[in-house]
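Novice: As input, take input_6.txt (compact mmCIF, C-alpha atoms):
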# COMPACT_ATOMS: atom_id res chain seq x y z
CA MET A 669 4.13 -6.82 24.45
CA LEU A 670 3.84 -3.18 23.38
CA TYR A 671 1.51 -1.81 20.71
CA GLY A 672 1.33 1.36 18.66
CA ILE A 673 -0.38 3.42 15.97
CA GLY A 674 0.90 5.74 13.26
CA ASN A 675 0.28 9.33 14.39
CA LEU A 676 2.21 11.02 11.56
CA GLY A 677 1.21 11.21 7.92
CA VAL A 678 3.87 8.68 6.93
CA ALA A 679 7.00 7.22 8.52
CA PRO A 680 9.68 4.93 7.05
CA ILE A 681 10.00 1.33 8.17
CA ARG A 682 13.58 0.16 7.66
CA LEU A 683 15.35 -3.15 7.18
CA GLU A 684 17.75 -2.47 10.08
CA PRO A 685 17.60 -0.10 13.10
CA SER A 686 19.45 2.73 11.36
CA ASP A 687 18.48 5.88 9.50
CA ALA A 688 20.90 4.80 6.77
CA SER A 689 19.17 1.45 6.30
CA GLU A 690 16.95 0.58 3.34
CA MET A 691 13.29 1.55 3.63
CA VAL A 692 11.24 -1.62 3.10
CA THR A 693 7.75 -0.17 3.60
CA GLN A 694 5.99 2.71 5.32
CA LEU A 695 3.77 3.27 8.34
CA LEU A 696 0.83 5.43 7.30
CA TYR A 697 -1.36 7.48 9.60
CA GLY A 698 -3.68 5.21 11.58
CA ASP A 699 -1.88 1.93 10.86
CA ILE A 700 -1.59 -0.17 14.02
CA PHE A 701 1.31 -2.43 14.93
CA LYS A 702 2.86 -4.74 17.50
CA ILE A 703 6.34 -4.06 18.86
CA ILE A 704 8.27 -7.33 18.71
CA ASP A 705 11.77 -6.07 19.58
CA GLN A 706 13.53 -2.83 20.37
CA ARG A 707 16.87 -1.06 20.44
CA LYS A 708 17.81 2.25 22.09
CA HIS A 709 16.09 4.45 19.50
CA TRP A 710 14.14 1.88 17.47
CA TYR A 711 11.16 -0.42 17.63
CA LYS A 712 10.96 -3.54 15.52
CA ILE A 713 7.29 -3.63 14.54
CA ARG A 714 4.86 -6.01 12.88
CA LEU A 715 2.08 -4.24 11.01
CA ASP A 716 -1.37 -5.55 11.84
CA PHE A 717 -2.73 -5.34 8.28
CA ASP A 718 -0.19 -7.47 6.40
CA LYS A 719 2.16 -8.72 9.18
CA TYR A 720 5.10 -6.98 7.50
CA GLU A 721 8.07 -6.39 9.81
CA GLY A 722 10.74 -3.73 10.04
CA TRP A 723 12.32 -1.05 12.22
CA LEU A 724 10.56 2.20 13.17
CA ASP A 725 12.17 5.22 14.83
CA LYS A 726 10.67 5.41 18.34
CA LYS A 727 9.89 9.09 17.79
CA GLN A 728 7.61 8.27 14.84
CA GLY A 729 4.90 6.17 16.49
CA PHE A 730 2.38 6.51 19.31
CA LEU A 731 2.04 3.78 21.95
CA ILE A 732 -1.43 2.41 22.69
CA SER A 733 -2.79 -0.22 25.04
CA GLU A 734 -3.34 -3.85 24.12
CA GLU A 735 -7.08 -3.24 24.57
CA ASN A 736 -7.05 -0.33 22.11
CA TYR A 737 -5.03 -2.40 19.65
CA ALA A 738 -7.51 -5.26 19.84
CA GLN A 739 -10.49 -2.94 19.44
CA LEU A 740 -9.02 -1.17 16.41
CA GLY A 741 -8.02 -4.48 14.85
CA GLN A 742 -11.62 -5.72 14.94
CA GLN A 743 -13.18 -2.68 13.27
CA ASN A 744 -14.02 -2.20 9.61
CA LEU A 745 -11.37 0.18 8.32
CA LEU A 746 -12.17 3.78 7.40
CA PHE A 747 -9.84 5.49 4.92
CA ASN A 748 -9.00 8.95 3.70
CA ASN A 749 -10.11 8.89 0.06
CA ASP A 750 -8.45 12.13 -1.06
CA LEU A 751 -4.94 12.57 -2.43
CA ILE A 752 -3.87 14.58 0.60
CA GLU A 753 -6.01 15.57 3.58
CA PHE A 754 -5.44 16.91 7.09
CA VAL A 755 -6.20 15.99 10.67
CA SER A 756 -6.16 18.59 13.46
CA ASP A 757 -5.31 18.13 17.13
CA THR A 758 -6.73 19.79 20.25
CA ASN A 759 -4.47 22.80 19.64
CA ASN A 760 -5.71 23.09 16.04
CA LEU A 761 -2.31 22.08 14.71
CA ILE A 762 -2.67 20.13 11.47
CA THR A 763 -0.96 17.01 10.13
CA ALA A 764 -1.09 16.15 6.44
CA ILE A 765 -2.19 12.57 5.78
CA PRO A 766 -2.03 10.74 2.42
CA LEU A 767 -4.58 8.76 0.46
CA GLY A 768 -5.30 5.45 2.19
CA SER A 769 -4.59 6.65 5.73
CA VAL A 770 -6.67 4.79 8.32
CA LEU A 771 -9.10 6.94 10.31
CA ASN A 772 -10.31 4.49 12.96
CA GLY A 773 -7.90 5.90 15.56
CA LEU A 774 -9.03 9.54 15.35
CA GLU A 775 -10.67 9.57 18.78
CA LEU A 776 -7.75 7.75 20.40
CA LEU A 777 -5.28 10.27 18.94
CA GLN A 778 -7.65 13.17 19.77
CA HIS A 779 -7.70 14.26 16.15
CA LYS A 780 -10.46 15.67 13.96
CA PHE A 781 -10.97 14.91 10.27
CA ASP A 782 -13.37 16.70 7.93
CA GLY A 783 -12.42 15.13 4.60
CA HIS A 784 -13.88 12.40 2.42
CA MET A 785 -13.94 8.92 3.99
CA ILE A 786 -14.38 5.57 2.27
CA SER A 787 -15.32 2.41 4.13
CA LYS A 788 -16.76 -1.06 3.65
CA LEU A 789 -16.16 -3.38 0.73
CA GLN A 790 -16.28 -1.61 -2.62
CA PRO A 791 -17.18 -3.26 -5.96
CA LYS A 792 -14.25 -4.57 -8.01
CA SER A 793 -15.06 -1.96 -10.64
CA ASN A 794 -13.93 0.76 -8.20
CA LEU A 795 -10.32 -0.53 -8.12
CA ILE A 796 -9.40 1.30 -11.33
CA ASN A 797 -10.98 4.54 -10.11
CA THR A 798 -8.74 4.37 -7.04
CA ALA A 799 -5.69 3.39 -9.08
CA LEU A 800 -6.09 6.45 -11.29
CA ILE A 801 -5.81 8.77 -8.27
CA TYR A 802 -2.18 7.59 -7.96
CA LEU A 803 -1.39 8.34 -11.62
CA ASN A 804 2.04 10.04 -12.00
CA ALA A 805 3.04 9.32 -8.38
CA PRO A 806 6.84 8.89 -8.47
CA TYR A 807 8.34 5.45 -7.93
CA LEU A 808 9.86 5.01 -4.47
CA TRP A 809 11.22 1.70 -3.15
CA GLY A 810 9.16 0.82 -0.07
CA GLY A 811 6.71 3.69 -0.69
CA LYS A 812 2.95 3.55 -0.18
CA THR A 813 1.75 7.11 -0.82
CA PRO A 814 0.99 9.41 -3.79
CA MET A 815 4.26 11.21 -2.98
CA GLY A 816 6.22 8.01 -3.68
CA ILE A 817 5.16 4.41 -4.16
CA ASP A 818 6.55 1.09 -5.38
CA CYS A 819 4.77 -1.42 -7.61
CA SER A 820 3.43 -3.71 -4.90
CA GLY A 821 2.74 -0.84 -2.50
CA PHE A 822 0.57 0.59 -5.26
CA THR A 823 -1.44 -2.60 -5.80
CA GLN A 824 -1.76 -3.24 -2.06
CA MET A 825 -3.01 0.28 -1.34
CA VAL A 826 -5.53 0.24 -4.21
CA TYR A 827 -6.97 -3.04 -2.93
CA LYS A 828 -6.78 -1.94 0.73
CA ILE A 829 -8.72 1.29 0.20
CA ASN A 830 -11.48 -0.75 -1.45
CA GLY A 831 -11.70 -3.18 1.46
CA TYR A 832 -9.53 -6.05 0.20
CA GLN A 833 -6.55 -7.44 2.10
CA ILE A 834 -3.52 -8.51 0.07
CA LEU A 835 0.11 -9.03 1.02
CA ARG A 836 2.89 -6.41 0.70
CA ASP A 837 5.48 -7.62 -1.84
CA ALA A 838 4.90 -8.65 -5.47
CA SER A 839 6.26 -12.16 -4.87
CA GLN A 840 3.90 -12.54 -1.89
CA GLN A 841 0.88 -11.20 -3.79
CA ALA A 842 1.59 -13.69 -6.58
CA THR A 843 0.81 -16.53 -4.14
CA GLN A 844 -2.76 -15.27 -3.75
CA GLY A 845 -5.78 -15.73 -5.98
CA GLU A 846 -6.54 -17.86 -9.04
CA ALA A 847 -4.15 -18.03 -12.00
CA LEU A 848 -5.63 -17.27 -15.42
CA SER A 849 -4.43 -18.97 -18.60
CA PHE A 850 -4.91 -16.06 -20.99
CA ILE A 851 -5.11 -12.27 -20.84
CA GLU A 852 -8.50 -12.57 -22.52
CA GLU A 853 -9.84 -14.24 -19.36
CA SER A 854 -8.86 -11.25 -17.21
CA GLU A 855 -10.95 -8.25 -16.24
CA ALA A 856 -10.18 -4.79 -14.93
CA GLY A 857 -8.78 -5.07 -11.40
CA ASP A 858 -6.96 -8.37 -11.82
CA LEU A 859 -3.23 -8.38 -11.09
CA ALA A 860 -0.49 -9.10 -13.63
CA PHE A 861 2.89 -10.35 -12.36
CA PHE A 862 6.23 -10.14 -14.12
CA ASP A 863 9.53 -11.96 -13.56
CA ASN A 864 13.22 -11.37 -14.20
CA ASP A 865 15.73 -13.54 -16.07
CA GLU A 866 16.10 -15.78 -12.99
CA GLY A 867 12.35 -16.39 -12.88
CA LYS A 868 11.80 -14.34 -9.72
CA ILE A 869 8.65 -12.23 -9.63
CA THR A 870 9.78 -8.63 -9.32
CA HIS A 871 6.90 -6.52 -10.61
CA VAL A 872 3.11 -6.27 -10.46
CA GLY A 873 0.47 -4.11 -12.11
CA ILE A 874 -3.31 -3.80 -12.32
CA ILE A 875 -5.07 -4.92 -15.48
CA MET A 876 -7.32 -2.32 -17.12
CA ASN A 877 -9.79 -2.72 -19.97
CA ASP A 878 -8.67 -3.02 -23.62
CA ASN A 879 -5.20 -4.50 -22.93
CA TYR A 880 -3.86 -1.70 -20.76
CA VAL A 881 -2.10 -2.00 -17.41
CA ILE A 882 -1.50 0.60 -14.70
CA HIS A 883 1.68 0.09 -12.69
CA ALA A 884 4.50 1.88 -10.84
CA HIS A 885 7.60 2.03 -13.03
CA GLY A 886 9.45 5.34 -12.75
CA LYS A 887 6.03 6.69 -11.89
CA VAL A 888 2.52 5.28 -11.79
CA ARG A 889 1.74 5.04 -15.49
CA ILE A 890 -0.50 3.32 -18.03
CA ASP A 891 1.03 1.07 -20.70
CA ARG A 892 -0.05 -1.64 -23.10
CA ILE A 893 0.05 -5.30 -22.06
CA ASP A 894 0.00 -8.49 -24.13
CA HIS A 895 1.16 -12.11 -23.78
CA THR A 896 4.79 -10.99 -23.92
CA GLY A 897 4.53 -8.39 -21.19
CA ILE A 898 4.36 -4.63 -20.73
CA PHE A 899 5.02 -2.49 -23.78
CA ASN A 900 6.16 0.99 -22.75
CA THR A 901 4.29 3.42 -24.95
CA ASP A 902 6.94 6.15 -24.50
CA LEU A 903 10.06 4.05 -25.10
CA LYS A 904 8.41 1.73 -27.64
CA ILE A 905 9.98 -1.33 -26.01
CA TYR A 906 8.92 -4.18 -23.73
CA THR A 907 10.01 -3.39 -20.17
CA HIS A 908 8.59 -6.36 -18.23
CA LYS A 909 8.10 -10.04 -19.06
CA LEU A 910 4.66 -11.43 -18.17
CA ARG A 911 4.67 -14.39 -15.79
CA VAL A 912 1.05 -14.83 -14.67
CA ILE A 913 -2.25 -13.01 -14.23
CA LYS A 914 -4.11 -13.59 -10.99
CA LYS A 915 -7.78 -13.02 -10.14
CA LEU A 916 -7.89 -12.19 -6.45
CA ILE A 917 -11.54 -11.13 -6.26
Is it possible to express this structure as structure tokens?
Specialist:
Amino acid sequence: MLYGIGNLGVAPIRLEPSDASEMVTQLLYGDIFKIIDQRKHWYKIRLDFDKYEGWLDKKQGFLISEENYAQLGQQNLLFNNDLIEFVSDTNNLITAIPLGSVLNGLELLQHKFDGHMISKLQPKSNLINTALIYLNAPYLWGGKTPMGIDCSGFTQMVYKINGYQILRDASQQATQGEALSFIEESEAGDLAFFDNDEGKITHVGIIMNDNYVIHAHGKVRIDRIDHTGIFNTDLKIYTHKLRVIKKLI
């Protein structure tokens, strides 16, 4: 089996091996992966962090040994904690890397980084501080960066940067943690899930204090939340129907 690491700031992972195919998630700098299948110009990869699968252009990843993959997979993750930072190579050429990029592979990639790192498990209270860095990031299906992010990519990245491992999609995240009966039982950092008319969970946000929620809808924004759902403070309407609140940590 082949293994790899993200050596670019961000690369799309697609549903099918085609540039025209839907982007389902992204490979950020430093993310490691297994290659489980391949076509002429594409690798089908499984991300180490959340086991998410999709197709990556072969030109947008860097192959590593099984030993390197195992070593990196056992380390406590180090993250870039700034909106955008840079790594430089041996020729002093720079690559921009987004918030939440993994820095454990710097030596392997022969890169240098002089920015602000965050590592180890952070207190739950820090989740909202991280979430606010993404404020106004545009919504992007499959996105995981401040330049474009979807609702579950947002919640996953906020938790990931603070040392917590949660799944990729909203419906998957809703299977984790302890369900709460009332909003009043929740605290800042808990996750709120919302369903559509068919009862399928399609949206997720992060509970804040005083009945506010931060979530990716058009952009990462802050709205009111109550037992009905999310009340959009700009449109003055409910945009999402509350299904359940989960305490993951």
Novice: Could you check the closest approach to Ile829 (chain A) for each of A:Phe747, A:Phe717, A:Tyr807, A:Phe862 and tell me which residue wins, using all atoms listed in the file?
Specialist: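 The closest residue to Ile829 (chain A) is A:Phe747.
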Novice: Compile the contact shell of region 879-886 of chain A as a ChimeraX atom specification: residues with an atom at most 6 Å away, counting only C-alpha atoms, same-chain residues fewer than 6 positions apart removed.
Specialist: /A:807,818-819,873,892-893
Novice: From the list A:Glu853, A:Asp750, A:Asp837, A:Asp894, which residue is nearest Ile869 (chain A) when using only C-alpha atoms?
Specialist: A:Asp837
Novice: Write out as a tab-separated table a residue-level contact list of region 788-863 of chain A versus region 768-784 of chain A with cut-off 10 Å: for each qualifying residue the closest pair of atoms and the distance in Å to one decimal, counting only C-alpha atoms, rows sorted by chain and residue number upward.
Specialist:
residue	atom	partner	partner_atom	distance
A:Thr798	CA	A:Gly768	CA	9.9
A:Lys812	CA	A:Gly768	CA	8.8
A:Thr813	CA	A:Gly768	CA	7.8
A:Pro814	CA	A:Gly768	CA	9.5
A:Met825	CA	A:Gly768	CA	6.7
A:Val826	CA	A:Gly768	CA	8.3
A:Lys828	CA	A:Gly768	CA	7.7
A:Ile829	CA	A:Gly768	CA	5.7
A:Asn830	CA	A:Gly768	CA	9.5
Novice: Would you mind telling me which residue in A:Met691, A:Ile875, A:Leu859, A:Leu910 lies nearest to Gln844 (chain A) when using only C-alpha atoms?
Specialist: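 Among the listed residues, the smallest separation from Gln844 (chain A) belongs to A:Leu859.
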Novice: Can you work out the spacing between CA of Ile703 (chain A) and CA of Gly821 (chain A) in Å, to one decimal?
Specialist: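 Spanning CA of Ile703 (chain A) to CA of Gly821 (chain A) is a straight-line distance of 21.9 Å.
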Novice: From the list A:Asp687, A:Ala860, A:Leu808, A:Lys726, which residue is nearest Ile898 (chain A) when using only C-alpha atoms?
Specialist: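 Result for the nearest residue to Ile898 (chain A): A:Ala860.
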Novice: Please measure the separation of CA of Met815 (chain A) and CA of Phe754 (chain A), giving the value in Å to one decimal.
Specialist: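 Computed distance, CA of Met815 (chain A) to CA of Phe754 (chain A), equals 15.1 Å.
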Novice: Applying 12 Å and all atoms listed in the file, which residues near Ile713 (chain A) remain after dropping the ones on its own chain fewer than 6 positions away? List them as a ChimeraX atom specification.
Specialist: /A:669-674,680-685,693-695,699-707,719-726,728-729,731
Novice: Quick one: residues within 10 Å of Asp863 (chain A), all atoms listed in the file counted, chain neighbours fewer than 5 positions away excluded, as number ranges by chain?
Specialist: A: 838-839, 868-872, 897, 908-912
Novice: Hey, can you spit out that residue selection with C-alpha atoms as a JSON list (two decimals), in the coordinates of the input?
Specialist:
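Generated output (part-v1.json):
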[["chain", "number", "residue", "atom", "x", "y", "z"],
["A", 838, "ALA", "CA", 4.90, -8.65, -5.47],
["A", 839, "SER", "CA", 6.26, -12.16, -4.87],
["A", 868, "LYS", "CA", 11.80, -14.34, -9.72],
["A", 869, "ILE", "CA", 8.65, -12.23, -9.63],
["A", 870, "THR", "CA", 9.78, -8.63, -9.32],
["A", 871, "HIS", "CA", 6.90, -6.52, -10.61],
["A", 872, "VAL", "CA", 3.11, -6.27, -10.46],
["A", 897, "GLY", "CA", 4.53, -8.39, -21.19],
["A", 908, "HIS", "CA", 8.59, -6.36, -18.23],
["A", 909, "LYS", "CA", 8.10, -10.04, -19.06],
["A", 910, "LEU", "CA", 4.66, -11.43, -18.17],
["A", 911, "ARG", "CA", 4.67, -14.39, -15.79],
["A", 912, "VAL", "CA", 1.05, -14.83, -14.67]]
Novice: Using Å and a single decimal, report how far CA of Phe861 (chain A) sits from CA of Tyr697 (chain A).
Specialist: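 Result for CA of Tyr697 (chain A) versus CA of Phe861 (chain A): 28.6 Å, one decimal.
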Novice: Region 800-802 of chain A: which residues within 7 Å, counting all atoms listed in the file, same-chain residues fewer than 3 positions away excluded, as a ChimeraX atom specification?
Specialist: /A:796-797,805,814,888
Novice: Produce region 670-737 of chain A of the given structure as output with C-alpha atoms, as an mmCIF file, in the first residue's frame.
Specialist:
data_model
loop_
_atom_site.group_PDB
_atom_site.id
_atom_site.type_symbol
_atom_site.label_atom_id
_atom_site.label_comp_id
_atom_site.auth_asym_id
_atom_site.auth_seq_id
_atom_site.Cartn_x
_atom_site.Cartn_y
_atom_site.Cartn_z
ATOM 1 C CA LEU A 670 1.136 3.551 -0.750
ATOM 2 C CA TYR A 671 1.005 6.499 1.653
ATOM 3 C CA GLY A 672 1.142 10.254 1.318
ATOM 4 C CA ILE A 673 1.029 13.692 2.922
ATOM 5 C CA GLY A 674 -0.438 17.015 1.858
ATOM 6 C CA ASN A 675 2.423 19.248 0.682
ATOM 7 C CA LEU A 676 0.252 22.080 -0.679
ATOM 8 C CA GLY A 677 -1.809 24.524 1.332
ATOM 9 C CA VAL A 678 -5.053 22.836 0.306
ATOM 10 C CA ALA A 679 -6.138 20.382 -2.390
ATOM 11 C CA PRO A 680 -9.624 19.164 -3.370
ATOM 12 C CA ILE A 681 -10.713 15.612 -2.680
ATOM 13 C CA ARG A 682 -13.402 14.608 -5.171
ATOM 14 C CA LEU A 683 -16.218 12.081 -5.311
ATOM 15 C CA GLU A 684 -14.957 10.620 -8.609
ATOM 16 C CA PRO A 685 -11.550 10.694 -10.376
ATOM 17 C CA SER A 686 -12.337 13.775 -12.448
ATOM 18 C CA ASP A 687 -11.686 17.499 -12.158
ATOM 19 C CA ALA A 688 -15.366 18.022 -12.943
ATOM 20 C CA SER A 689 -16.497 15.842 -10.038
ATOM 21 C CA GLU A 690 -17.976 17.181 -6.802
ATOM 22 C CA MET A 691 -15.505 18.166 -4.090
ATOM 23 C CA VAL A 692 -16.428 16.200 -0.965
ATOM 24 C CA THR A 693 -13.660 17.417 1.354
ATOM 25 C CA GLN A 694 -10.149 18.852 1.235
ATOM 26 C CA LEU A 695 -6.604 17.719 1.938
ATOM 27 C CA LEU A 696 -4.876 20.370 4.029
ATOM 28 C CA TYR A 697 -1.145 20.841 4.386
ATOM 29 C CA GLY A 698 0.325 18.107 6.583
ATOM 30 C CA ASP A 699 -2.671 15.752 6.485
ATOM 31 C CA ILE A 700 -1.544 12.155 5.959
ATOM 32 C CA PHE A 701 -3.394 9.503 3.988
ATOM 33 C CA LYS A 702 -3.407 5.964 2.648
ATOM 34 C CA ILE A 703 -3.789 5.303 -1.076
ATOM 35 C CA ILE A 704 -6.426 2.606 -1.474
ATOM 36 C CA ASP A 705 -6.891 2.695 -5.266
ATOM 37 C CA GLN A 706 -5.608 4.594 -8.258
ATOM 38 C CA ARG A 707 -6.330 5.594 -11.837
ATOM 39 C CA LYS A 708 -3.988 7.112 -14.430
ATOM 40 C CA HIS A 709 -3.955 10.602 -12.903
ATOM 41 C CA TRP A 710 -5.724 10.005 -9.579
ATOM 42 C CA TYR A 711 -5.270 8.406 -6.186
ATOM 43 C CA LYS A 712 -8.220 7.228 -4.151
ATOM 44 C CA ILE A 713 -7.183 8.142 -0.614
ATOM 45 C CA ARG A 714 -8.353 7.525 2.931
ATOM 46 C CA LEU A 715 -7.486 10.355 5.307
ATOM 47 C CA ASP A 716 -5.833 9.187 8.501
ATOM 48 C CA PHE A 717 -7.652 11.643 10.785
ATOM 49 C CA ASP A 718 -11.289 10.815 10.007
ATOM 50 C CA LYS A 719 -11.028 7.901 7.513
ATOM 51 C CA TYR A 720 -12.834 9.973 4.884
ATOM 52 C CA GLU A 721 -12.327 8.722 1.319
ATOM 53 C CA GLY A 722 -12.175 10.404 -2.064
ATOM 54 C CA TRP A 723 -10.066 11.038 -5.153
ATOM 55 C CA LEU A 724 -6.943 13.229 -5.159
ATOM 56 C CA ASP A 725 -5.060 14.444 -8.229
ATOM 57 C CA LYS A 726 -1.690 12.643 -8.179
ATOM 58 C CA LYS A 727 0.084 15.973 -8.684
ATOM 59 C CA GLN A 728 -1.342 17.348 -5.421
ATOM 60 C CA GLY A 729 0.157 14.983 -2.839
ATOM 61 C CA PHE A 730 3.598 13.831 -1.730
ATOM 62 C CA LEU A 731 4.352 10.114 -1.303
ATOM 63 C CA ILE A 732 5.923 8.957 1.964
ATOM 64 C CA SER A 733 7.018 5.609 3.340
ATOM 65 C CA GLU A 734 4.854 3.351 5.479
ATOM 66 C CA GLU A 735 7.301 3.968 8.337
ATOM 67 C CA ASN A 736 6.916 7.746 8.050
ATOM 68 C CA TYR A 737 3.142 7.377 7.885
#
